[in-house]
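Here's the structure, in structure tokens; my notes come after.
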Amino acid sequence: MNIPDIFSDIDPIPQSDGPEPACAITYTPEFVEAHDYLRAVLKVDERSERAFDLTTICLKFNPANYTVWHYRRRCLAALCAPTDDGRATIDADRIDKDLDFADKLGGTNPKNYQLWYHRRALLEILFTEESASDKRMQIAQKELDYVDKILNDDNKNYHSWSHRQWIIRTINHPQLWSAEIDYSHKKILLDPRNNSAWNQRWFATHEGQNARKLSFVKAEEEANYAICGAQVDPFNESPWRYLIGVFLEQWRLGVAQSEEKEEGIADKDKREYISKMKEMNKVWDDPPEDYPSGPCVSLISALVDLLEAVGDKSSLEEAKTLMGELVEEDPVRRKYWQKRQNTVMSSLEKC
């Protein structure tokens, strides 16, 4: 693309860094030329095919330029016929081609926020314009497959997981929620320490709603799942935090209902899990060869949280003792454990 010939009717606008720039950036001549003409078309707000093509060149130079992505979408909307009610929109074929373009740029920039936002903005149009449920599901599944491809290269990419959550929450179909629980399970099996996958499981089981609490049966299933995950590697903090999250949610549910905790995990059930955790903790008196020697801090800290949740005098006494152990064994958080120990001691004085 010969930019000066195509934009012969427009005078390029050079970048102004002031008379004495503190740190002038040395751009390539091609970069300078493309962006000089981009500034010119932005100034006159030209939304044409040639302006659209110019954004393609500029984005290849710098895929993280938010202004160019925004301008590109405005050009796309201007080049497509409006809806019957006069709203600006973008044709599905154009969107598919631009998603492919973003895919090619994203191959070397998987954590580029602007790329992910561009995909979302285009998909919002598709989801809005498409009323058929099966078609929306097809679009969603295609995009979920794309996200999976990115996660296979980097299974802790925050942007990918966030985009995936947006798709599933937007479509809000039971099939997708169920499939996502299975998907997060597969990712956890691949890497049990992938906290993003554990977080995705929480998201899927709660169907993306913070206010939605798990039923007693489902909570028990998730608690057992977390215990199984912890047994694979007790030093992995992710399943322990997941377990405590399930218990605290159920405890708050019971308090909110002011009943006999019929729909939450009762104290007797908590004690069963405490017993399981204590049995696991005994293993570290003589740890297996492949594991580090000494107490398992992740397990003990989870046990402390659970004992505090039970809240009776004997449980608090045990929690206080374990916190004293953590003061020695978890030096990075020594002051944290000391403060919590003092809090428990104050609670015991009131018992």
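Letters A, B, ... go to the chains of the structure tokens in the order shown; residues in each chain start at 1; ligands are counted from 1 in the same order.
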
Which polymer residues have any atom within 10 Å of an atom of His118 of chain A, counting only C-alpha atoms, with same-chain residues fewer than 5 positions away left out, as a count of residues only? 11

task: Would you mind listing what lies within 12 Å of Phe52 of chain A as a ChimeraX atom specification, with only C-alpha atoms counted and same-chain residues fewer than 2 positions away left out?
output: /A:38,41-42,45-50,54-59,68-79,94,98

Once you have the residues from the selection above, write them out as a compact mmCIF listing (two decimals), in the first residue's frame, restricted to N, CA and C atoms.
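That gives us selection-v9.txt:
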```txt
# COMPACT_ATOMS: atom_id res chain seq x y z
N LEU A 38 -2.34 8.85 9.62
CA LEU A 38 -3.42 8.48 10.52
C LEU A 38 -3.90 9.70 11.30
N VAL A 41 -6.20 11.76 9.01
CA VAL A 41 -7.57 11.27 8.78
C VAL A 41 -8.39 11.32 10.06
N LEU A 42 -7.72 11.17 11.20
CA LEU A 42 -8.42 11.31 12.47
C LEU A 42 -8.92 12.75 12.67
N ASP A 45 -11.88 13.16 10.70
CA ASP A 45 -12.84 12.09 11.02
C ASP A 45 -13.33 11.37 9.77
N GLU A 46 -12.38 11.00 8.94
CA GLU A 46 -12.74 10.27 7.72
C GLU A 46 -12.96 8.79 8.06
N ARG A 47 -14.09 8.26 7.67
CA ARG A 47 -14.41 6.86 7.94
C ARG A 47 -14.65 6.17 6.60
N SER A 48 -13.58 5.78 5.97
CA SER A 48 -13.63 5.21 4.63
C SER A 48 -12.88 3.90 4.57
N GLU A 49 -12.94 3.26 3.41
CA GLU A 49 -12.22 2.00 3.22
C GLU A 49 -10.72 2.22 3.31
N ARG A 50 -10.25 3.33 2.75
CA ARG A 50 -8.80 3.58 2.80
C ARG A 50 -8.35 3.90 4.22
N LEU A 54 -5.69 1.81 6.46
CA LEU A 54 -4.58 2.47 7.15
C LEU A 54 -4.48 1.99 8.59
N THR A 55 -5.63 1.75 9.23
CA THR A 55 -5.57 1.24 10.60
C THR A 55 -4.93 -0.15 10.64
N THR A 56 -5.13 -0.93 9.59
CA THR A 56 -4.51 -2.26 9.52
C THR A 56 -2.99 -2.13 9.56
N ILE A 57 -2.46 -1.19 8.78
CA ILE A 57 -1.01 -0.98 8.74
C ILE A 57 -0.50 -0.50 10.11
N CYS A 58 -1.21 0.46 10.69
CA CYS A 58 -0.76 1.01 11.97
C CYS A 58 -0.81 -0.04 13.09
N LEU A 59 -1.82 -0.89 13.07
CA LEU A 59 -1.93 -1.92 14.10
C LEU A 59 -0.86 -2.99 13.95
N VAL A 68 -6.27 3.50 17.71
CA VAL A 68 -6.40 2.95 16.36
C VAL A 68 -7.49 1.88 16.33
N TRP A 69 -7.55 1.03 17.36
CA TRP A 69 -8.60 0.01 17.42
C TRP A 69 -9.98 0.67 17.47
N HIS A 70 -10.11 1.70 18.27
CA HIS A 70 -11.40 2.40 18.38
C HIS A 70 -11.80 3.02 17.04
N TYR A 71 -10.85 3.66 16.41
CA TYR A 71 -11.10 4.28 15.10
C TYR A 71 -11.45 3.22 14.06
N ARG A 72 -10.81 2.08 14.14
CA ARG A 72 -11.09 0.98 13.21
C ARG A 72 -12.55 0.54 13.32
N ARG A 73 -13.05 0.42 14.56
CA ARG A 73 -14.44 0.02 14.74
C ARG A 73 -15.42 1.07 14.21
N ARG A 74 -15.06 2.33 14.36
CA ARG A 74 -15.91 3.40 13.81
C ARG A 74 -15.93 3.34 12.28
N CYS A 75 -14.79 3.02 11.69
CA CYS A 75 -14.73 2.88 10.24
C CYS A 75 -15.59 1.70 9.78
N LEU A 76 -15.48 0.58 10.51
CA LEU A 76 -16.27 -0.60 10.17
C LEU A 76 -17.76 -0.29 10.19
N ALA A 77 -18.20 0.41 11.23
CA ALA A 77 -19.62 0.75 11.34
C ALA A 77 -20.07 1.67 10.20
N ALA A 78 -19.20 2.60 9.82
CA ALA A 78 -19.54 3.54 8.75
C ALA A 78 -19.61 2.85 7.39
N LEU A 79 -18.85 1.78 7.23
CA LEU A 79 -18.81 1.08 5.94
C LEU A 79 -19.93 0.06 5.78
N ARG A 94 -17.89 -8.97 7.93
CA ARG A 94 -16.83 -8.04 8.32
C ARG A 94 -16.29 -8.38 9.70
N ASP A 98 -12.51 -9.48 10.77
CA ASP A 98 -11.73 -8.70 11.73
C ASP A 98 -11.33 -9.52 12.94
```

Pairwise distance for atom CA of Gln141 of chain A and atom CA of Gly107 of chain A, rounded to one decimal in Å: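 So the two atoms, atom CA of Gln141 of chain A and atom CA of Gly107 of chain A, lie 19.6 Å apart.
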
Any idea what's packed within 8 Å of segment 321-323 of chain A, counting only C-alpha atoms, ignoring anything in its chain fewer than 3 positions away? Could you give it as an MDAnalysis selection string?
-> chainID A and resid 300:301 304 317:318 326:327 337:338 340:341

Put those residues in a file: N, CA and C atoms, as a PDB file, in the first residue's frame.
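Written out: result.pdb:
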```
ATOM      1  N   ILE A 300      -2.236 -26.478  57.152  1.00  0.00           N
ATOM      2  CA  ILE A 300      -2.465 -25.996  58.516  1.00  0.00           C
ATOM      3  C   ILE A 300      -3.255 -24.687  58.516  1.00  0.00           C
ATOM      4  N   SER A 301      -2.936 -23.783  57.590  1.00  0.00           N
ATOM      5  CA  SER A 301      -3.650 -22.501  57.547  1.00  0.00           C
ATOM      6  C   SER A 301      -5.129 -22.712  57.197  1.00  0.00           C
ATOM      7  N   VAL A 304      -6.810 -24.045  60.309  1.00  0.00           N
ATOM      8  CA  VAL A 304      -7.049 -22.944  61.244  1.00  0.00           C
ATOM      9  C   VAL A 304      -8.336 -22.202  60.875  1.00  0.00           C
ATOM     10  N   GLU A 317      -9.152 -23.096  70.811  1.00  0.00           N
ATOM     11  CA  GLU A 317      -7.909 -23.451  71.495  1.00  0.00           C
ATOM     12  C   GLU A 317      -6.952 -24.142  70.524  1.00  0.00           C
ATOM     13  N   GLU A 318      -7.501 -25.055  69.736  1.00  0.00           N
ATOM     14  CA  GLU A 318      -6.685 -25.773  68.763  1.00  0.00           C
ATOM     15  C   GLU A 318      -6.177 -24.830  67.684  1.00  0.00           C
ATOM     16  N   LEU A 326       2.348 -21.768  63.040  1.00  0.00           N
ATOM     17  CA  LEU A 326       2.505 -21.033  61.784  1.00  0.00           C
ATOM     18  C   LEU A 326       3.399 -19.807  61.959  1.00  0.00           C
ATOM     19  N   VAL A 327       3.413 -19.221  63.133  1.00  0.00           N
ATOM     20  CA  VAL A 327       4.304 -18.091  63.411  1.00  0.00           C
ATOM     21  C   VAL A 327       5.748 -18.490  63.147  1.00  0.00           C
ATOM     22  N   TRP A 337       0.023 -13.988  61.370  1.00  0.00           N
ATOM     23  CA  TRP A 337      -0.425 -15.070  62.254  1.00  0.00           C
ATOM     24  C   TRP A 337      -0.424 -14.627  63.717  1.00  0.00           C
ATOM     25  N   GLN A 338       0.512 -13.777  64.098  1.00  0.00           N
ATOM     26  CA  GLN A 338       0.533 -13.261  65.467  1.00  0.00           C
ATOM     27  C   GLN A 338      -0.733 -12.442  65.757  1.00  0.00           C
ATOM     28  N   ARG A 340      -3.653 -12.711  64.196  1.00  0.00           N
ATOM     29  CA  ARG A 340      -4.808 -13.606  64.258  1.00  0.00           C
ATOM     30  C   ARG A 340      -4.827 -14.392  65.570  1.00  0.00           C
ATOM     31  N   GLN A 341      -3.649 -14.762  66.043  1.00  0.00           N
ATOM     32  CA  GLN A 341      -3.565 -15.494  67.308  1.00  0.00           C
ATOM     33  C   GLN A 341      -4.080 -14.622  68.455  1.00  0.00           C
TER      34      GLN A 341
END
```

Gap from atom CA of Ile90 of chain A to atom CA of Ile139 of chain A - Å, one decimal =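 Separation of atom CA of Ile90 of chain A and atom CA of Ile139 of chain A: 15.3 Å.
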
Just give me the gap between atom CA of Leu299 of chain A and atom CA of Met277 of chain A in Å, one decimal is fine.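 We find that atom CA of Leu299 of chain A and atom CA of Met277 of chain A lie 7.3 Å from each other.
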
Got a sec: who's within 12 Å of Ser16 of chain A, counting only C-alpha atoms, leaving out chain neighbours fewer than 5 positions off, as a list in words?
Pro21, Ala24, Ile25, Val32, His35, Asp36 and Arg39 of chain A

Okay, now the selection with C-alpha atoms, as a PDB file, in the first residue's frame?
```
ATOM      1  CA  PRO A  21      11.854  16.331  23.710  1.00  0.00           C
ATOM      2  CA  ALA A  24      12.605  11.201  21.550  1.00  0.00           C
ATOM      3  CA  ILE A  25      11.681   7.747  20.253  1.00  0.00           C
ATOM      4  CA  VAL A  32       6.298   7.590  10.971  1.00  0.00           C
ATOM      5  CA  HIS A  35       0.974   7.468  11.725  1.00  0.00           C
ATOM      6  CA  ASP A  36       1.421  10.914  10.187  1.00  0.00           C
ATOM      7  CA  ARG A  39      -3.351  11.713  12.516  1.00  0.00           C
TER       8      ARG A  39
END
```

Exercise. Using the chain letters and numbers from this document, which residues of segment 58-225 of chain A does DSSP assign to helix (DSSP H, G or I), as a ChimeraX atom specification?
Worked result: /A:58-61,66-79,92-106,113-129,133-153,158-171,174-190,195-205,216-225

Considering only C-alpha atoms, give me a table of residues in segment 57-153 of chain A that are at most 7 Å from segment 157-177 of chain A, with the closest atom pair and distance in Å for each, as CSV.
```
residue,atom,partner,partner_atom,distance
A:Lys111,CA,A:His159,CA,6.3
A:Tyr113,CA,A:His159,CA,6.9
A:Ala140,CA,A:Ile167,CA,6.4
A:Leu144,CA,A:Arg164,CA,6.4
A:Val147,CA,A:Ser160,CA,5.9
A:Leu151,CA,A:Asn157,CA,6.6
```
